[in-house]
file coords00.csv (CSV, C-alpha atoms)
chain,number,residue,atom,x,y,z
A,8,MET,CA,7.7,-33.9,-44.1
A,9,PRO,CA,10.3,-36.8,-44.5
A,10,ASN,CA,12.6,-37.4,-41.6
A,11,GLN,CA,15.8,-35.4,-42.0
A,12,ASN,CA,17.8,-38.5,-41.2
A,13,LYS,CA,16.6,-40.4,-44.3
A,14,THR,CA,17.3,-44.0,-43.3
A,15,LEU,CA,16.0,-46.1,-40.4
A,16,LEU,CA,18.3,-49.1,-39.9
A,17,ALA,CA,16.5,-52.0,-38.2
A,18,VAL,CA,18.6,-54.9,-36.8
A,19,THR,CA,16.5,-58.1,-36.4
A,20,SER,CA,17.7,-60.4,-33.7
A,21,PHE,CA,17.0,-63.7,-31.9
A,22,GLU,CA,19.1,-65.5,-29.3
A,23,ARG,CA,22.5,-64.6,-30.8
A,24,ALA,CA,23.8,-62.1,-28.2
A,25,ILE,CA,27.5,-62.3,-29.1
A,26,ALA,CA,26.8,-61.9,-32.9
A,27,LEU,CA,24.4,-59.0,-32.1
A,28,SER,CA,27.0,-57.3,-30.0
A,29,ASN,CA,29.5,-57.5,-32.8
A,30,CYS,CA,26.9,-56.1,-35.3
A,31,LEU,CA,26.0,-53.2,-33.0
A,32,LYS,CA,29.6,-52.5,-32.3
A,33,SER,CA,30.3,-52.1,-36.0
A,34,LEU,CA,27.3,-49.8,-36.3
A,35,ALA,CA,28.5,-47.6,-33.4
A,36,GLU,CA,32.2,-47.6,-34.4
A,37,VAL,CA,32.0,-47.5,-38.2
A,38,GLY,CA,28.9,-45.4,-38.3
A,39,GLY,CA,26.6,-44.0,-41.0
A,40,ASN,CA,23.7,-41.8,-41.9
A,41,PHE,CA,21.0,-43.8,-40.2
A,42,GLU,CA,19.0,-44.1,-37.0
A,43,VAL,CA,19.3,-47.6,-35.5
A,44,ILE,CA,16.7,-49.7,-33.8
A,45,VAL,CA,16.9,-53.3,-32.6
A,46,ILE,CA,13.8,-55.5,-33.1
A,47,ASP,CA,14.1,-58.8,-31.2
A,48,ASP,CA,12.0,-61.9,-31.7
A,49,ASN,CA,11.3,-62.4,-27.9
A,50,SER,CA,14.7,-63.8,-27.1
A,51,THR,CA,15.2,-65.4,-23.6
A,52,ASP,CA,18.8,-64.2,-23.3
A,53,PRO,CA,18.9,-60.9,-21.4
A,54,ALA,CA,22.2,-60.1,-23.0
A,55,ILE,CA,20.3,-59.2,-26.2
A,56,LYS,CA,18.6,-56.2,-24.6
A,57,ALA,CA,21.8,-55.4,-22.7
A,58,ALA,CA,23.7,-55.2,-26.0
A,59,SER,CA,21.3,-52.6,-27.3
A,60,ALA,CA,21.5,-50.5,-24.2
A,61,GLN,CA,25.3,-50.7,-24.2
A,62,PHE,CA,25.4,-49.0,-27.6
A,63,GLY,CA,22.5,-46.7,-26.9
A,64,PHE,CA,20.2,-48.1,-29.6
A,65,GLU,CA,16.4,-48.3,-29.3
A,66,PHE,CA,15.2,-51.8,-28.3
A,67,ILE,CA,11.8,-53.1,-29.5
A,68,LEU,CA,10.2,-56.5,-28.8
A,69,GLY,CA,8.7,-58.0,-31.9
A,70,SER,CA,5.4,-59.8,-32.0
A,71,GLY,CA,7.1,-63.2,-32.5
A,72,GLY,CA,6.2,-65.9,-34.9
A,73,LYS,CA,6.3,-69.7,-35.5
A,74,GLY,CA,7.6,-70.0,-39.0
A,75,ARG,CA,10.9,-71.4,-40.2
A,76,HIS,CA,12.5,-68.1,-39.5
A,77,GLY,CA,10.5,-67.3,-36.4
A,78,GLY,CA,9.1,-63.8,-36.3
A,79,LEU,CA,11.6,-62.4,-38.8
A,80,TYR,CA,9.0,-61.3,-41.3
A,81,SER,CA,6.6,-59.8,-38.8
A,82,ASN,CA,9.5,-57.9,-37.3
A,83,MET,CA,10.5,-56.6,-40.7
A,84,GLN,CA,6.9,-55.5,-41.2
A,85,LEU,CA,7.1,-53.8,-37.8
A,86,ALA,CA,10.2,-52.0,-38.8
A,87,PHE,CA,8.6,-50.9,-42.1
A,88,ASP,CA,5.5,-49.6,-40.2
A,89,LEU,CA,7.8,-47.6,-37.9
A,90,ALA,CA,9.7,-46.2,-40.9
A,91,VAL,CA,6.4,-45.0,-42.4
A,92,LYS,CA,5.1,-43.6,-39.1
A,93,ARG,CA,8.4,-41.8,-38.4
A,94,ARG,CA,8.5,-40.5,-42.0
A,95,PHE,CA,11.8,-42.1,-43.1
A,96,SER,CA,12.5,-42.2,-46.8
A,97,PHE,CA,14.4,-45.6,-46.6
A,98,LEU,CA,14.4,-48.7,-44.4
A,99,MET,CA,17.6,-50.6,-44.1
A,100,VAL,CA,17.2,-54.1,-42.7
A,101,MET,CA,20.2,-55.9,-41.2
A,102,GLN,CA,20.4,-59.2,-39.3
A,103,ASP,CA,22.3,-59.9,-36.1
A,104,ASP,CA,24.8,-62.1,-37.9
A,105,MET,CA,26.0,-59.2,-40.1
A,106,GLN,CA,28.7,-56.6,-39.8
A,107,LEU,CA,29.2,-53.1,-41.2
A,108,VAL,CA,32.6,-52.9,-42.7
A,109,ARG,CA,32.7,-49.4,-44.1
A,110,PRO,CA,30.8,-46.2,-43.2
A,111,PHE,CA,27.5,-45.4,-44.8
A,112,ASN,CA,28.6,-41.8,-45.2
A,113,ASP,CA,27.3,-38.8,-47.2
A,114,CYS,CA,29.1,-40.1,-50.4
A,115,LEU,CA,27.6,-43.6,-50.2
A,116,GLU,CA,24.2,-42.2,-49.3
A,117,ARG,CA,24.3,-40.1,-52.4
A,118,GLU,CA,25.4,-43.1,-54.5
A,119,TYR,CA,22.4,-45.2,-53.2
A,120,VAL,CA,19.9,-42.4,-53.6
A,121,ALA,CA,21.1,-41.9,-57.1
A,122,ILE,CA,20.5,-45.6,-57.9
A,123,PHE,CA,16.9,-45.2,-56.8
A,124,ASN,CA,16.5,-41.9,-58.7
A,125,ALA,CA,17.9,-43.5,-61.9
A,126,ASP,CA,15.2,-46.2,-62.1
A,127,SER,CA,11.7,-45.6,-60.6
A,128,GLU,CA,11.1,-49.4,-60.5
A,129,ILE,CA,14.0,-50.1,-58.1
A,130,ALA,CA,12.6,-50.8,-54.6
A,131,SER,CA,15.5,-52.5,-52.9
A,132,ILE,CA,19.3,-52.2,-52.8
A,133,ASP,CA,21.1,-55.3,-51.5
A,134,TYR,CA,24.1,-53.7,-49.9
A,135,ARG,CA,26.0,-56.9,-49.1
A,136,PHE,CA,29.2,-58.0,-50.7
A,137,THR,CA,28.8,-60.8,-53.3
A,138,ARG,CA,29.5,-64.5,-53.1
A,139,SER,CA,30.7,-67.0,-55.7
A,140,GLY,CA,28.2,-67.6,-58.4
A,141,PHE,CA,27.1,-64.0,-58.5
A,142,SER,CA,25.5,-63.4,-61.9
A,143,GLY,CA,24.6,-59.7,-61.8
A,144,VAL,CA,25.2,-57.5,-64.9
A,145,TYR,CA,26.4,-54.0,-64.3
A,146,ASN,CA,24.4,-51.1,-65.7
A,147,SER,CA,26.6,-48.1,-66.0
A,148,LYS,CA,23.6,-45.7,-66.4
A,149,ILE,CA,22.1,-46.9,-63.1
A,150,GLY,CA,25.4,-47.6,-61.3
A,151,ALA,CA,24.4,-51.0,-60.0
A,152,TYR,CA,24.3,-54.7,-60.9
A,153,PHE,CA,21.0,-56.2,-62.0
A,154,SER,CA,20.4,-59.9,-61.6
A,155,PRO,CA,19.1,-61.9,-64.6
A,156,MET,CA,15.8,-62.2,-62.7
A,157,ARG,CA,15.1,-58.4,-62.5
A,158,TYR,CA,12.3,-58.8,-60.0
A,159,THR,CA,13.5,-60.4,-56.8
A,160,TYR,CA,13.9,-60.1,-53.1
A,161,SER,CA,16.1,-60.7,-50.1
A,162,ASP,CA,15.6,-60.5,-46.3
A,163,VAL,CA,18.1,-57.7,-45.9
A,164,GLY,CA,18.6,-54.5,-47.9
A,165,LEU,CA,17.9,-50.8,-48.2
A,166,PHE,CA,14.2,-50.5,-49.1
A,167,HIS,CA,12.5,-47.4,-50.7
A,168,VAL,CA,9.6,-46.8,-48.3
A,169,GLY,CA,7.5,-44.8,-50.7
A,170,ARG,CA,7.7,-47.4,-53.5
A,171,LEU,CA,6.8,-50.3,-51.2
A,172,ILE,CA,3.8,-48.3,-50.0
A,173,LYS,CA,2.7,-47.9,-53.7
A,174,MET,CA,3.1,-51.6,-54.2
A,175,ASN,CA,1.0,-52.5,-51.1
A,176,TRP,CA,4.0,-54.6,-50.1
A,177,ARG,CA,4.0,-56.6,-46.9
A,178,PHE,CA,6.9,-58.5,-45.4
A,179,ASP,CA,4.7,-60.7,-43.2
A,180,LYS,CA,2.6,-62.2,-45.9
A,181,PHE,CA,4.2,-65.7,-45.5
A,182,ASN,CA,5.3,-67.5,-42.3
A,183,HIS,CA,5.6,-71.2,-43.4
A,184,PRO,CA,6.9,-73.7,-40.8
A,185,PHE,CA,9.0,-75.6,-43.3
A,186,VAL,CA,9.3,-73.8,-46.6
A,187,ALA,CA,11.8,-70.9,-46.5
A,188,SER,CA,9.6,-67.8,-46.6
A,189,GLU,CA,12.3,-66.0,-48.6
A,190,GLN,CA,11.5,-68.3,-51.6
A,191,LEU,CA,7.8,-67.4,-51.3
A,192,MET,CA,8.7,-63.7,-51.1
A,193,ILE,CA,10.8,-64.0,-54.2
A,194,THR,CA,7.7,-65.3,-56.1
A,195,GLU,CA,5.7,-62.5,-54.6
A,196,ALA,CA,8.4,-59.9,-55.7
A,197,ILE,CA,8.2,-61.2,-59.2
A,198,ASP,CA,4.4,-60.8,-59.3
A,199,ALA,CA,4.7,-57.3,-57.7
A,200,LYS,CA,7.6,-56.3,-60.0
A,201,LEU,CA,9.9,-55.5,-57.1
A,202,VAL,CA,13.3,-54.7,-58.6
A,203,LYS,CA,16.4,-55.4,-56.4
A,204,VAL,CA,19.9,-54.4,-57.4
A,205,THR,CA,23.4,-54.8,-56.0
A,206,PRO,CA,25.3,-51.5,-55.7
A,207,ARG,CA,28.8,-50.9,-56.9
A,208,THR,CA,29.8,-50.1,-53.3
A,209,PRO,CA,28.5,-52.6,-50.7
A,210,ILE,CA,28.9,-51.8,-47.0
A,211,ALA,CA,28.2,-55.0,-45.0
A,212,MET,CA,28.4,-58.8,-45.0
A,213,HIS,CA,27.3,-61.8,-43.0
A,214,ILE,CA,29.9,-63.2,-40.6
A,215,PRO,CA,31.0,-66.8,-41.5
A,216,PHE,CA,29.5,-69.8,-39.7
A,217,PRO,CA,26.8,-68.1,-37.7
A,218,ARG,CA,24.8,-70.0,-35.1
A,219,LEU,CA,21.9,-71.5,-37.1
A,220,ILE,CA,18.4,-71.3,-35.7
A,221,ARG,CA,15.4,-72.7,-37.5
A,222,ASN,CA,11.9,-72.9,-36.0
A,223,LYS,CA,13.5,-71.4,-32.9
A,224,VAL,CA,15.7,-74.5,-32.5
A,225,THR,CA,19.5,-74.2,-32.7
A,226,LEU,CA,20.9,-76.6,-35.3
A,227,PRO,CA,24.3,-78.3,-34.9
A,228,ARG,CA,27.1,-77.4,-37.3
A,229,LEU,CA,29.7,-79.9,-38.4
A,230,SER,CA,32.5,-77.5,-37.9
A,231,ARG,CA,34.7,-76.3,-35.1
A,232,PHE,CA,33.9,-72.8,-36.4
A,233,PHE,CA,30.5,-73.1,-34.7
A,234,ARG,CA,32.4,-72.7,-31.3
A,235,ARG,CA,33.6,-69.2,-31.9
A,236,LEU,CA,32.6,-65.9,-33.6
A,237,TYR,CA,34.5,-64.9,-36.7
A,238,THR,CA,34.5,-61.2,-37.6
A,239,TYR,CA,35.9,-58.9,-40.3
A,240,ASP,CA,38.3,-56.0,-40.0
A,241,THR,CA,36.9,-52.7,-40.9
A,242,MET,CA,38.1,-51.7,-44.3
A,243,THR,CA,41.0,-49.3,-44.4
A,244,ALA,CA,41.0,-46.0,-46.4
A,245,ASP,CA,43.4,-47.6,-48.9
A,246,GLU,CA,41.2,-50.7,-49.2
A,247,MET,CA,38.1,-48.6,-49.8
A,248,ILE,CA,39.9,-46.5,-52.5
A,249,ALA,CA,41.1,-49.7,-54.2
A,250,MET,CA,37.6,-51.2,-54.3
A,251,ASP,CA,36.0,-47.9,-55.3
A,252,ASN,CA,38.4,-47.5,-58.2
A,253,ARG,CA,38.1,-51.0,-59.6
A,254,HIS,CA,36.6,-51.8,-63.0
A,255,TYR,CA,32.9,-52.5,-62.8
A,256,ASP,CA,33.4,-56.0,-64.3
A,257,ASP,CA,35.2,-56.9,-61.0
A,258,GLU,CA,32.3,-57.8,-58.7
A,259,PRO,CA,32.5,-56.8,-55.0
A,260,ASN,CA,33.2,-60.3,-53.7
A,261,PHE,CA,33.7,-60.7,-50.0
A,262,ARG,CA,36.7,-63.0,-50.4
A,263,LYS,CA,38.6,-60.4,-52.4
A,264,TYR,CA,37.7,-57.2,-50.5
A,265,LEU,CA,37.2,-58.3,-46.9
A,266,ARG,CA,39.7,-59.5,-44.3
A,267,PHE,CA,38.8,-61.8,-41.4
A,268,SER,CA,39.9,-60.4,-38.0
A,269,ASN,CA,40.7,-63.6,-36.1
A,270,VAL,CA,41.6,-66.6,-38.3
A,271,ASN,CA,44.8,-68.6,-38.2
A,272,VAL,CA,46.4,-70.5,-41.1
A,273,ILE,CA,44.2,-73.6,-40.5
A,274,ASP,CA,41.1,-71.5,-40.3
A,275,ARG,CA,41.9,-69.7,-43.5
A,276,TRP,CA,42.5,-73.0,-45.3
A,277,PHE,CA,39.1,-74.2,-44.1
A,278,LEU,CA,37.4,-71.1,-45.2
A,279,ASN,CA,39.0,-71.3,-48.7
A,280,VAL,CA,37.9,-74.9,-49.3
A,281,LYS,CA,34.3,-74.4,-48.1
A,282,ARG,CA,31.7,-73.4,-50.6
A,283,ASP,CA,30.1,-70.1,-49.8
A,284,SER,CA,26.7,-71.7,-49.3
A,285,LYS,CA,28.3,-73.7,-46.4
A,286,ILE,CA,29.9,-70.6,-44.8
A,287,PHE,CA,26.9,-68.4,-44.4
call {"tool": "encode", "arguments": {"input": "coords00.csv", "output": "structure tokens"}}
result
Amino acid sequence: MPNQNKTLLAVTSFERAIALSNCLKSLAEVGGNFEVIVIDDNSTDPAIKAASAQFGFEFILGSGGKGRHGGLYSNMQLAFDLAVKRRFSFLMVMQDDMQLVRPFNDCLEREYVAIFNADSEIASIDYRFTRSGFSGVYNSKIGAYFSPMRYTYSDVGLFHVGRLIKMNWRFDKFNHPFVASEQLMITEAIDAKLVKVTPRTPIAMHIPFPRLIRNKVTLPRLSRFFRRLYTYDTMTADEMIAMDNRHYDDEPNFRKYLRFSNVNVIDRWFLNVKRDSKIF
């Protein structure tokens, strides 16, 4: 029988203890219909495991990896295998530089399940707020935005476990040392006809200017933002109502619907002049 708690939420982490703590704090305080596990890529910082213990979440050491994104994809596969073994219907993958900004409550769970039920080809819901350049087209019958490239993939999302099983999908098929594995996975998704959509109601977003780690090496950032952690305020009831009642042509862009918790006037100007690709 499927797990009564339908969704397993796996947070992937590596050497970003402060960001991870912020992510887990949002999961504990904002909450949702999911069971949380933290899968770490063999970090050396003991604060990683301590953060999981602080919030009472299960902590699992991943197998590691040497690709551009370390063991991210093997850890995603581990999360998927656990979701199958523990009989969850859905696997939600979140990274340590993300934050839950509104509850994944009964109402939103029903919205997301309805999206899956409306189209049997949908295997992934990208629950993040959108950035500039978003080109999704809203389908009112499905209740979600479809990208022009119908078959595509991202490293975070709510995945339909049963449909991935039928597709013989694996997250750990590629671990290239230089090429971004996500690009290889997009090609794989096109071949496998994996449909990813953006919901009308997103629930989480990446924090700006995260610590960049590639091939397990921290990269310098040409910004003073690198020296501190910027976070979001949890959406208020009025803000959620305003977003939920908007016209579907109004995409759920992070700049319009989210508020940063700890920015001054200068910081806000800097954020406004930076392209989204340079912020995340």
call {"tool": "residues_around", "arguments": {"input": "coords00.csv", "residues": "region 267-273 of chain A", "least_positions_apart": "3", "cutoff": "9 Å", "atoms": "only C-alpha atoms", "output": "PyMOL selection string"}}
result
chain A and resi 236-241+276-278
call {"tool": "write_last_selection", "arguments": {"input": "coords00.csv", "atoms": "C-alpha atoms", "output": "tab-separated table (two decimals), keeping the file's coordinate frame"}}
result
chain	number	residue	atom	x	y	z
A	236	LEU	CA	32.60	-65.90	-33.60
A	237	TYR	CA	34.50	-64.90	-36.70
A	238	THR	CA	34.50	-61.20	-37.60
A	239	TYR	CA	35.90	-58.90	-40.30
A	240	ASP	CA	38.30	-56.00	-40.00
A	241	THR	CA	36.90	-52.70	-40.90
A	276	TRP	CA	42.50	-73.00	-45.30
A	277	PHE	CA	39.10	-74.20	-44.10
A	278	LEU	CA	37.40	-71.10	-45.20
call {"tool": "closest_residue", "arguments": {"input": "coords00.csv", "among": "A:Arg235, A:Arg75, A:Lys281, A:Lys223", "to": "Thr51 (chain A)", "atoms": "only C-alpha atoms"}}
result
A:Lys223
call {"tool": "atom_distance", "arguments": {"input": "coords00.csv", "atom1": "CA of Gln190 (chain A)", "atom2": "CA of Tyr158 (chain A)"}}
result
12.7 Å
call {"tool": "residues_around", "arguments": {"input": "coords00.csv", "residues": "Ala90 (chain A)", "least_positions_apart": "6", "cutoff": "12 Å", "atoms": "all atoms listed in the file", "output": "PyMOL selection string"}}
result
chain A and resi 9-10+12-17+41-44+83-84+96-100+165-169+171-172
call {"tool": "residues_around", "arguments": {"input": "coords00.csv", "residues": "region 145-155 of chain A", "least_positions_apart": "2", "cutoff": "10 Å", "atoms": "all atoms listed in the file", "output": "list in words"}}
result
Glu118, Tyr119, Ala121, Ile122, Phe123, Asn124, Ala125, Asp126, Ile132, Asp133, Phe141, Ser142, Gly143, Arg157, Tyr158, Thr159, Val202, Lys203, Val204, Thr205, Pro206, Arg207, Thr208, Tyr255, Asp256, Asp257 and Glu258 of chain A
call {"tool": "write_last_selection", "arguments": {"input": "coords00.csv", "atoms": "C-alpha atoms", "output": "PDB file, keeping the file's coordinate frame"}}
result
ATOM      1  CA  GLU A 118      25.400 -43.100 -54.500  1.00  0.00           C
ATOM      2  CA  TYR A 119      22.400 -45.200 -53.200  1.00  0.00           C
ATOM      3  CA  ALA A 121      21.100 -41.900 -57.100  1.00  0.00           C
ATOM      4  CA  ILE A 122      20.500 -45.600 -57.900  1.00  0.00           C
ATOM      5  CA  PHE A 123      16.900 -45.200 -56.800  1.00  0.00           C
ATOM      6  CA  ASN A 124      16.500 -41.900 -58.700  1.00  0.00           C
ATOM      7  CA  ALA A 125      17.900 -43.500 -61.900  1.00  0.00           C
ATOM      8  CA  ASP A 126      15.200 -46.200 -62.100  1.00  0.00           C
ATOM      9  CA  ILE A 132      19.300 -52.200 -52.800  1.00  0.00           C
ATOM     10  CA  ASP A 133      21.100 -55.300 -51.500  1.00  0.00           C
ATOM     11  CA  PHE A 141      27.100 -64.000 -58.500  1.00  0.00           C
ATOM     12  CA  SER A 142      25.500 -63.400 -61.900  1.00  0.00           C
ATOM     13  CA  GLY A 143      24.600 -59.700 -61.800  1.00  0.00           C
ATOM     14  CA  ARG A 157      15.100 -58.400 -62.500  1.00  0.00           C
ATOM     15  CA  TYR A 158      12.300 -58.800 -60.000  1.00  0.00           C
ATOM     16  CA  THR A 159      13.500 -60.400 -56.800  1.00  0.00           C
ATOM     17  CA  VAL A 202      13.300 -54.700 -58.600  1.00  0.00           C
ATOM     18  CA  LYS A 203      16.400 -55.400 -56.400  1.00  0.00           C
ATOM     19  CA  VAL A 204      19.900 -54.400 -57.400  1.00  0.00           C
ATOM     20  CA  THR A 205      23.400 -54.800 -56.000  1.00  0.00           C
ATOM     21  CA  PRO A 206      25.300 -51.500 -55.700  1.00  0.00           C
ATOM     22  CA  ARG A 207      28.800 -50.900 -56.900  1.00  0.00           C
ATOM     23  CA  THR A 208      29.800 -50.100 -53.300  1.00  0.00           C
ATOM     24  CA  TYR A 255      32.900 -52.500 -62.800  1.00  0.00           C
ATOM     25  CA  ASP A 256      33.400 -56.000 -64.300  1.00  0.00           C
ATOM     26  CA  ASP A 257      35.200 -56.900 -61.000  1.00  0.00           C
ATOM     27  CA  GLU A 258      32.300 -57.800 -58.700  1.00  0.00           C
TER      28      GLU A 258
END
call {"tool": "residues_around", "arguments": {"input": "coords00.csv", "residues": "Leu201 (chain A)", "least_positions_apart": "5", "cutoff": "10 Å", "atoms": "only C-alpha atoms", "output": "list in words"}}
result
Glu128, Ile129, Ala130, Ser131, Arg157, Tyr158, Thr159, Tyr160, Arg170, Leu171, Met174, Trp176, Ile193, Glu195 and Ala196 of chain A
call {"tool": "atom_distance", "arguments": {"input": "coords00.csv", "atom1": "CA of Glu189 (chain A)", "atom2": "CA of Ala24 (chain A)"}}
result
23.7 Å
